[in-house]
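Reproduced below: query-v4.cif, with mmCIF, C-alpha atoms.
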```
data_upload
#
loop_
_atom_site.label_atom_id
_atom_site.label_comp_id
_atom_site.auth_asym_id
_atom_site.auth_seq_id
_atom_site.Cartn_x
_atom_site.Cartn_y
_atom_site.Cartn_z
CA MET C 1 8.60 -41.74 -19.04
CA ALA C 2 5.27 -41.43 -17.24
CA LYS C 3 2.40 -39.99 -19.28
CA ILE C 4 0.95 -36.64 -18.22
CA GLY C 5 -2.81 -36.61 -17.97
CA ARG C 6 -4.95 -33.93 -19.56
CA GLY C 7 -5.73 -32.33 -16.21
CA ASN C 8 -2.09 -32.15 -15.12
CA MET C 9 -1.03 -30.81 -18.51
CA LEU C 10 -3.55 -27.96 -18.23
CA LEU C 11 -2.28 -27.22 -14.74
CA ILE C 12 1.33 -27.00 -15.94
CA LEU C 13 0.38 -24.75 -18.85
CA SER C 14 -1.57 -22.49 -16.50
CA ILE C 15 1.36 -22.09 -14.10
CA LEU C 16 3.80 -21.47 -16.95
CA THR C 17 1.48 -18.70 -18.13
CA LEU C 18 1.46 -17.29 -14.59
CA LEU C 19 5.26 -17.24 -14.42
CA GLU C 20 5.56 -15.52 -17.79
CA PHE C 21 2.95 -12.96 -16.76
CA SER C 22 4.53 -12.27 -13.40
CA SER C 23 8.04 -11.64 -14.69
CA CYS C 24 6.95 -8.65 -16.77
CA GLN C 25 3.75 -7.37 -15.15
CA ARG C 26 4.68 -6.63 -11.52
CA SER C 27 3.13 -3.18 -11.48
CA SER C 28 0.35 -3.82 -13.95
CA SER C 29 -3.31 -3.89 -13.03
CA THR C 30 -3.89 -6.59 -15.67
CA THR C 31 -5.27 -9.82 -14.23
CA LEU C 32 -4.37 -13.37 -15.21
CA ALA C 33 -6.90 -16.14 -15.76
CA TYR C 34 -5.71 -19.20 -13.82
CA VAL C 35 -7.58 -22.49 -14.23
CA ALA C 36 -7.52 -25.24 -11.62
CA THR C 37 -7.99 -28.64 -13.24
CA THR C 38 -7.93 -31.06 -10.31
CA ASP C 39 -8.27 -31.06 -6.57
CA THR C 40 -5.61 -33.74 -6.07
CA VAL C 41 -2.50 -32.00 -7.46
CA ALA C 42 -0.62 -29.61 -5.16
CA LEU C 43 0.77 -26.44 -6.72
CA ASP C 44 4.49 -27.14 -6.40
CA VAL C 45 6.66 -24.59 -8.21
CA ASP C 46 9.68 -26.92 -7.95
CA SER C 47 7.94 -29.68 -9.91
CA ILE C 48 7.84 -27.61 -13.11
CA THR C 49 10.84 -27.24 -15.41
CA ILE C 50 11.27 -23.58 -16.37
CA GLN C 51 14.03 -21.67 -18.09
CA PRO C 52 16.56 -20.78 -15.34
CA GLU C 53 16.02 -17.37 -13.74
CA PRO C 54 18.82 -14.79 -13.82
CA GLN C 55 20.78 -14.50 -10.58
CA ASN C 56 19.07 -12.16 -8.07
CA SER C 57 15.95 -12.13 -10.22
CA PRO C 58 12.90 -10.75 -8.37
CA LEU C 59 10.64 -13.27 -10.13
CA LEU C 60 9.62 -15.05 -6.92
CA LEU C 61 8.70 -11.76 -5.25
CA THR C 62 6.83 -10.76 -8.42
CA LYS C 63 4.69 -13.88 -8.22
CA TRP C 64 4.06 -13.25 -4.52
CA ASP C 65 3.10 -9.61 -5.15
CA SER C 66 0.74 -10.59 -7.95
CA LEU C 67 -1.04 -12.99 -5.61
CA GLN C 68 -1.17 -10.51 -2.71
CA LYS C 69 -2.50 -7.70 -4.91
CA ASN C 70 -5.20 -9.93 -6.44
CA LEU C 71 -3.75 -9.55 -9.93
CA ILE C 72 -4.48 -13.22 -10.62
CA THR C 73 -7.97 -14.32 -11.60
CA PHE C 74 -8.62 -17.92 -10.58
CA LEU C 75 -11.15 -19.83 -12.67
CA VAL C 76 -12.92 -23.07 -11.83
CA ASP C 77 -12.88 -25.95 -14.31
CA SER C 78 -16.42 -27.23 -14.78
CA ILE C 79 -15.20 -30.84 -15.12
CA ASN C 80 -12.94 -31.01 -12.05
CA PRO C 81 -13.86 -27.96 -9.96
CA VAL C 82 -11.51 -26.70 -7.25
CA ASP C 83 -12.66 -23.91 -4.95
CA ILE C 84 -10.92 -20.59 -5.66
CA LYS C 85 -9.88 -20.20 -2.02
CA MET C 86 -8.22 -23.60 -2.22
CA GLN C 87 -6.40 -22.60 -5.41
CA LYS C 88 -5.09 -19.44 -3.77
CA ARG C 89 -3.98 -21.29 -0.65
CA ARG C 90 -2.12 -23.92 -2.66
CA LEU C 91 -0.32 -21.33 -4.75
CA LYS C 92 0.57 -19.33 -1.65
CA ASP C 93 1.91 -22.43 0.11
CA SER C 94 4.01 -23.29 -2.94
CA LEU C 95 5.53 -19.80 -3.03
CA ARG C 96 6.24 -19.94 0.72
CA LYS C 97 8.18 -23.16 0.18
CA GLU C 98 10.26 -21.40 -2.47
CA PHE C 99 11.00 -18.47 -0.16
CA ASP C 100 12.04 -20.92 2.57
CA LYS C 101 14.86 -22.10 0.30
CA LYS C 102 16.28 -18.55 0.21
CA PRO C 103 18.32 -16.69 2.87
CA LYS C 104 16.41 -14.73 5.51
CA HIS C 105 17.36 -11.13 6.29
CA VAL C 106 16.88 -9.13 9.49
CA TYR C 107 17.46 -5.40 9.89
CA LEU C 108 18.18 -4.22 13.44
CA THR C 109 17.29 -0.53 13.53
CA PHE C 110 17.83 1.88 16.43
CA ASP C 111 16.06 5.25 16.49
CA ASP C 112 16.79 8.62 18.15
CA GLY C 113 20.56 8.31 18.65
CA PRO C 114 22.93 9.46 19.70
CA LEU C 115 21.61 9.03 23.24
CA ILE C 116 22.79 7.28 26.37
CA GLY C 117 22.86 3.72 25.16
CA SER C 118 24.37 4.43 21.74
CA SER C 119 27.91 3.63 22.86
CA ALA C 120 26.82 0.24 24.22
CA ILE C 121 24.92 -0.56 21.01
CA ASP C 122 28.03 0.27 18.99
CA SER C 123 30.16 -2.00 21.20
CA ILE C 124 27.67 -4.90 20.99
CA ALA C 125 27.55 -4.69 17.19
CA THR C 126 31.35 -4.85 17.09
CA ALA C 127 31.57 -7.72 19.58
CA LYS C 128 28.96 -9.75 17.69
CA GLY C 129 30.24 -8.81 14.24
CA ILE C 130 26.81 -7.86 12.90
CA LYS C 131 25.46 -4.98 10.83
CA ILE C 132 23.09 -2.56 12.55
CA ASN C 133 21.24 0.59 11.52
CA ALA C 134 21.12 3.92 13.41
CA PHE C 135 18.45 6.49 12.53
CA LEU C 136 20.01 9.67 13.92
CA VAL C 137 18.68 12.94 15.33
CA GLY C 138 21.04 15.91 14.87
CA ARG C 139 19.69 17.87 17.84
CA HIS C 140 20.64 15.02 20.15
CA ALA C 141 24.18 14.94 18.79
CA ASN C 142 24.62 18.59 19.78
CA MET C 143 23.37 18.17 23.36
CA SER C 144 26.75 17.19 24.85
CA LYS C 145 30.36 16.34 24.05
CA ARG C 146 29.68 12.76 25.11
CA LEU C 147 26.89 12.35 22.58
CA LYS C 148 29.05 13.88 19.87
CA ARG C 149 31.68 11.26 20.65
CA ASP C 150 29.04 8.55 20.48
CA LEU C 151 27.95 9.87 17.08
CA GLU C 152 31.53 9.60 15.86
CA LYS C 153 31.69 6.02 17.09
CA TYR C 154 28.69 5.20 14.93
CA ARG C 155 30.09 7.06 11.94
CA SER C 156 33.50 5.39 12.13
CA ASN C 157 32.16 1.85 12.65
CA PRO C 158 31.84 -0.04 9.33
CA LEU C 159 29.18 -2.24 10.95
CA VAL C 160 26.85 0.71 11.56
CA GLY C 161 24.68 2.24 8.84
CA CYS C 162 23.78 5.86 9.63
CA TYR C 163 20.49 7.30 8.38
CA ASN C 164 18.21 10.31 8.76
CA HIS C 165 15.59 10.60 11.53
CA SER C 166 15.20 14.43 11.30
CA TYR C 167 17.10 17.17 13.10
CA THR C 168 14.55 18.04 15.80
CA HIS C 169 12.50 14.82 15.98
CA GLY C 170 9.56 17.15 15.48
CA MET C 171 10.09 18.24 19.10
CA ASN C 172 7.86 15.21 19.77
CA ARG C 173 4.85 17.18 18.54
CA PHE C 174 4.26 15.18 15.44
CA SER C 175 0.90 16.50 14.24
CA ALA C 176 2.24 20.06 14.34
CA PHE C 177 5.53 19.00 12.76
CA TYR C 178 3.85 17.34 9.78
CA SER C 179 1.24 20.07 9.33
CA ASN C 180 3.79 22.03 7.27
CA PRO C 181 5.50 19.57 4.91
CA ASN C 182 7.97 22.13 3.54
CA THR C 183 9.22 22.98 7.04
CA ALA C 184 9.43 19.30 7.95
CA VAL C 185 11.42 18.50 4.80
CA ALA C 186 13.81 21.34 5.61
CA ASP C 187 14.35 19.75 9.02
CA PHE C 188 15.42 16.48 7.41
CA GLU C 189 17.67 18.32 4.96
CA LYS C 190 19.37 20.17 7.82
CA ASN C 191 19.97 16.84 9.56
CA GLU C 192 21.51 15.38 6.42
CA ILE C 193 23.94 18.29 6.13
CA ASP C 194 24.81 18.63 9.82
CA LEU C 195 25.49 14.91 10.28
CA ALA C 196 27.09 14.48 6.83
CA LEU C 197 24.77 11.58 6.03
CA THR C 198 25.61 9.85 2.76
CA HIS C 199 22.45 7.74 2.27
CA LYS C 200 19.17 9.38 1.30
CA ILE C 201 17.24 7.08 3.61
CA ILE C 202 14.75 8.37 6.16
CA ARG C 203 12.52 7.12 8.94
CA LEU C 204 9.83 9.58 9.97
CA PRO C 205 9.54 10.27 13.72
CA GLY C 206 6.31 8.92 15.16
CA ARG C 207 5.18 7.41 11.84
CA ASN C 208 5.43 3.92 10.34
CA ILE C 209 5.49 5.02 6.71
CA TRP C 210 7.12 3.27 3.75
CA ILE C 211 7.71 4.90 0.36
CA TYR C 212 10.31 3.46 -1.99
CA ASP C 213 10.33 2.11 -5.55
CA ASP C 214 6.67 1.21 -6.23
CA VAL C 215 5.78 0.75 -2.54
CA ARG C 216 3.65 3.27 -0.65
CA LYS C 217 2.32 2.28 2.78
CA ILE C 218 0.94 4.95 5.11
CA ASP C 219 -0.06 4.46 8.75
CA LEU C 220 -1.22 8.01 9.63
CA GLN C 221 -2.25 10.47 6.96
CA SER C 222 -0.80 13.46 8.86
CA GLY C 223 2.68 12.39 7.80
CA SER C 224 1.87 11.37 4.23
CA SER C 225 2.38 14.76 2.54
CA THR C 226 5.82 15.15 4.13
CA ALA C 227 6.75 11.60 3.12
CA ASP C 228 5.57 12.13 -0.47
CA LEU C 229 7.56 15.36 -0.74
CA LEU C 230 10.68 13.67 0.63
CA TYR C 231 10.27 10.86 -1.89
CA THR C 232 9.89 13.40 -4.69
CA ASN C 233 13.17 14.94 -3.51
CA GLY C 234 15.00 11.64 -3.89
CA TYR C 235 14.66 10.03 -0.46
CA LYS C 236 13.47 6.56 0.45
CA ILE C 237 11.28 6.30 3.55
CA TYR C 238 11.36 3.11 5.62
CA GLY C 239 9.18 2.02 8.53
CA TRP C 240 9.32 -1.26 10.47
CA ASP C 241 7.67 -4.68 10.73
CA VAL C 242 8.23 -5.49 14.42
CA GLU C 243 8.79 -3.15 17.37
CA TRP C 244 10.57 -3.98 20.64
CA ARG C 245 10.01 -1.82 23.68
CA ILE C 246 12.07 -1.75 26.86
CA HIS C 247 11.81 0.75 29.71
CA GLY C 248 14.93 2.85 29.18
CA LEU C 249 15.69 3.65 32.82
CA THR C 250 15.00 0.27 34.39
CA GLY C 251 15.96 -1.98 31.49
CA LYS C 252 12.77 -3.93 32.14
CA PRO C 253 11.32 -5.27 28.86
CA ILE C 254 7.73 -4.58 27.93
CA GLN C 255 8.13 -7.60 25.65
CA SER C 256 10.58 -10.31 26.59
CA VAL C 257 13.44 -11.41 24.36
CA GLY C 258 11.50 -14.59 23.63
CA GLU C 259 8.38 -12.69 22.56
CA VAL C 260 10.28 -10.44 20.16
CA TYR C 261 12.33 -13.33 18.80
CA HIS C 262 9.19 -15.37 18.11
CA ARG C 263 7.48 -12.40 16.43
CA ILE C 264 10.44 -11.98 14.08
CA ARG C 265 10.49 -15.71 13.42
CA ASN C 266 6.75 -15.76 12.71
CA PHE C 267 7.11 -12.86 10.28
CA MET C 268 9.85 -14.79 8.52
CA ASN C 269 8.01 -18.10 8.42
CA ASN C 270 4.62 -16.69 7.43
CA LYS C 271 6.07 -14.20 4.93
CA SER C 272 3.98 -11.54 6.66
CA ALA C 273 6.58 -8.75 6.68
CA LEU C 274 6.22 -5.98 4.11
CA THR C 275 8.67 -7.95 1.94
CA PRO C 276 8.94 -11.74 2.42
CA ASN C 277 12.21 -12.93 4.01
CA ASN C 278 13.04 -9.33 5.08
CA VAL C 279 12.10 -8.27 8.63
CA VAL C 280 12.83 -4.80 10.01
CA LEU C 281 12.99 -4.53 13.81
CA LEU C 282 12.51 -1.13 15.47
CA MET C 283 14.29 -0.32 18.73
CA HIS C 284 15.47 2.89 20.41
CA ASP C 285 18.93 3.80 21.64
CA ASP C 286 17.79 4.75 25.14
CA MET C 287 16.49 1.21 25.71
CA PHE C 288 20.06 0.01 26.19
CA GLN C 289 21.56 2.53 28.58
CA ASN C 290 22.01 0.02 31.41
CA LYS C 291 23.44 -3.48 31.70
CA LYS C 292 20.02 -5.16 31.94
CA GLY C 293 18.92 -3.76 28.60
CA GLN C 294 22.29 -4.49 27.01
CA ALA C 295 22.13 -8.13 28.15
CA LEU C 296 18.68 -8.45 26.57
CA LEU C 297 19.94 -7.05 23.26
CA THR C 298 22.86 -9.49 23.29
CA ALA C 299 20.49 -12.37 24.00
CA LEU C 300 18.22 -11.40 21.10
CA ILE C 301 21.16 -11.20 18.69
CA ASP C 302 22.36 -14.62 19.82
CA SER C 303 18.89 -16.08 19.23
CA LEU C 304 18.72 -14.63 15.73
CA LYS C 305 22.20 -15.90 14.92
CA GLN C 306 21.10 -19.42 15.80
CA GLU C 307 18.49 -19.15 13.04
CA ASP C 308 21.25 -18.20 10.56
CA TYR C 309 19.51 -14.92 9.78
CA GLN C 310 21.63 -12.48 7.80
CA PHE C 311 22.01 -9.04 9.42
CA GLU C 312 21.67 -6.29 6.82
CA PHE C 313 22.01 -2.54 6.22
CA MET C 314 18.88 -0.57 5.34
CA GLU C 315 20.47 0.69 2.12
CA ASP C 316 20.27 -2.92 0.92
CA TYR C 317 16.56 -3.29 1.76
CA PRO C 318 14.86 -5.30 0.44
CA ARG C 319 16.76 -8.39 -0.61
CA ARG C 320 14.71 -9.72 -3.50
CA TYR C 321 14.20 -13.22 -4.90
#
```
How would this structure read if it were set down as structure tokens?
Amino acid sequence: MAKIGRGNMLLILSILTLLEFSSCQRSSSTTLAYVATTDTVALDVDSITIQPEPQNSPLLLTKWDSLQKNLITFLVDSINPVDIKMQKRRLKDSLRKEFDKKPKHVYLTFDDGPLIGSSAIDSIATAKGIKINAFLVGRHANMSKRLKRDLEKYRSNPLVGCYNHSYTHGMNRFSAFYSNPNTAVADFEKNEIDLALTHKIIRLPGRNIWIYDDVRKIDLQSGSSTADLLYTNGYKIYGWDVEWRIHGLTGKPIQSVGEVYHRIRNFMNNKSALTPNNVVLLMHDDMFQNKKGQALLTALIDSLKQEDYQFEFMEDYPRRY
């Protein structure tokens, strides 16, 4: 058996300390002292023998979060100094390699339905055999018998997850809508009752806000009080990582299929989504009301399938490793 030098032994002990720390301190503000002992050894998580993790353990995500939140203090060995930026980069690269061994999950979300386009989205999901997510607006469902039928298609399709996008969509006057959080919350509660929604999952109209578990990410403060109140009342609020826009009437894409596909792929590869290996794509039902738009959606799904991405429901977000 090859001998382990003093420098490599210190490196292994440091990483083992990091793993022990990460598994129990995900939300702690405590920092870990991490010592780099050589500039020739790459930080490879696979090269270290550790007690096997429980199935579905979030340990890998814990380590990633600790690094992202600067909960790890990197120290420089005076004998064999390695720059702290180099230490961070090596650890980050090692964790990325570990994530790359895990499945990759994509969440196709469609806002504002039922609208013209919802029926086609439902049919495409069925034809492709993939899970999709519809964030629904109750006022739209009551605009016509056709849209009510489209709502029922969504509700009866086991491949469609149905979630809350408010009853009125804030009448598209978002600053006014969120200026009274109690009234806004009542609007979401009405939508939940009227549409018989079973999941307490919400996307706020006009806001990319995330609040769930220990995550709180706010884009515009005018929606934060409403989001916090909803979370207090037992809801989870989800935003998005990537947005795709198509002109609803013409079907002409503002971003091509290739551009959106490569953005999703980059988020997956770089682990730059809110949660690594989990990418949420925002679309809108009215983007797919004509055959041009529908063909583009089909092409995007086919491209994602070629990458072996797993299509998921939002109630399962995020898949953790």
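Nearest residue to C:Trp64 among C:Leu304, C:Leu95, C:Leu296, C:Ala134 is C:Leu95, counting only C-alpha atoms.
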Problem set entry | Output of the PyMOL selection byres ((chain C and resi 261) around 12), listed as a PyMOL selection string | chain C and resi 106+242-244+255-260+262-268+279+281+296-297+299-307+309
For this session: Find the spatial neighbours of C:Ile237, counting all atoms listed in the file, within a cut-off of 10 Å - ignore same-chain residues fewer than 6 positions away - and output them as JSON, numbers by chain.
Result: {"C": [164, 200, 201, 202, 203, 204, 208, 209, 210, 211, 212, 215, 216, 217, 227, 228, 230, 231]}
So that I can check the surroundings of C:Leu108, please list as a JSON list (two decimals) with C-alpha atoms, in the frame of the given file every protein, DNA and RNA residue that reaches within 7 Å of it, counting only C-alpha atoms and ignoring chain neighbours fewer than 2 positions away.
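Result went into result-v5.json, see below:
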```json
[["chain", "number", "residue", "atom", "x", "y", "z"],
["C", 106, "VAL", "CA", 16.88, -9.13, 9.49],
["C", 110, "PHE", "CA", 17.83, 1.88, 16.43],
["C", 132, "ILE", "CA", 23.09, -2.56, 12.55],
["C", 133, "ASN", "CA", 21.24, 0.59, 11.52],
["C", 280, "VAL", "CA", 12.83, -4.80, 10.01],
["C", 281, "LEU", "CA", 12.99, -4.53, 13.81],
["C", 282, "LEU", "CA", 12.51, -1.13, 15.47]]
```
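Among the candidates C:Gly223, C:Lys63, C:Gln294, C:Val82, the one nearest to C:Ala176 when counting all atoms listed in the file is C:Gly223.
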Translate the PyMOL selection byres ((chain C and resi 165) around 10) into a concrete residue list for this structure, as a tab-separated table (two decimals) with C-alpha atoms, in the coordinates of the input.
```
chain	number	residue	atom	x	y	z
C	111	ASP	CA	16.06	5.25	16.49
C	112	ASP	CA	16.79	8.62	18.15
C	113	GLY	CA	20.56	8.31	18.65
C	134	ALA	CA	21.12	3.92	13.41
C	135	PHE	CA	18.45	6.49	12.53
C	136	LEU	CA	20.01	9.67	13.92
C	137	VAL	CA	18.68	12.94	15.33
C	138	GLY	CA	21.04	15.91	14.87
C	162	CYS	CA	23.78	5.86	9.63
C	163	TYR	CA	20.49	7.30	8.38
C	164	ASN	CA	18.21	10.31	8.76
C	166	SER	CA	15.20	14.43	11.30
C	167	TYR	CA	17.10	17.17	13.10
C	168	THR	CA	14.55	18.04	15.80
C	169	HIS	CA	12.50	14.82	15.98
C	170	GLY	CA	9.56	17.15	15.48
C	187	ASP	CA	14.35	19.75	9.02
C	188	PHE	CA	15.42	16.48	7.41
C	191	ASN	CA	19.97	16.84	9.56
C	192	GLU	CA	21.51	15.38	6.42
C	201	ILE	CA	17.24	7.08	3.61
C	202	ILE	CA	14.75	8.37	6.16
C	203	ARG	CA	12.52	7.12	8.94
C	204	LEU	CA	9.83	9.58	9.97
C	205	PRO	CA	9.54	10.27	13.72
```
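Residues matched by the PyMOL selection byres ((chain C and resi 311) around 7) in this file: His105, Val106, Tyr107, Ile130, Lys131, Tyr309, Gln310 and Glu312 of chain C.
Ranking C:Asn270, C:Ser175, C:Tyr235, C:Arg139 by their shortest atom-to-atom distance to C:Glu315, with all atoms listed in the file included, puts C:Tyr235 first.
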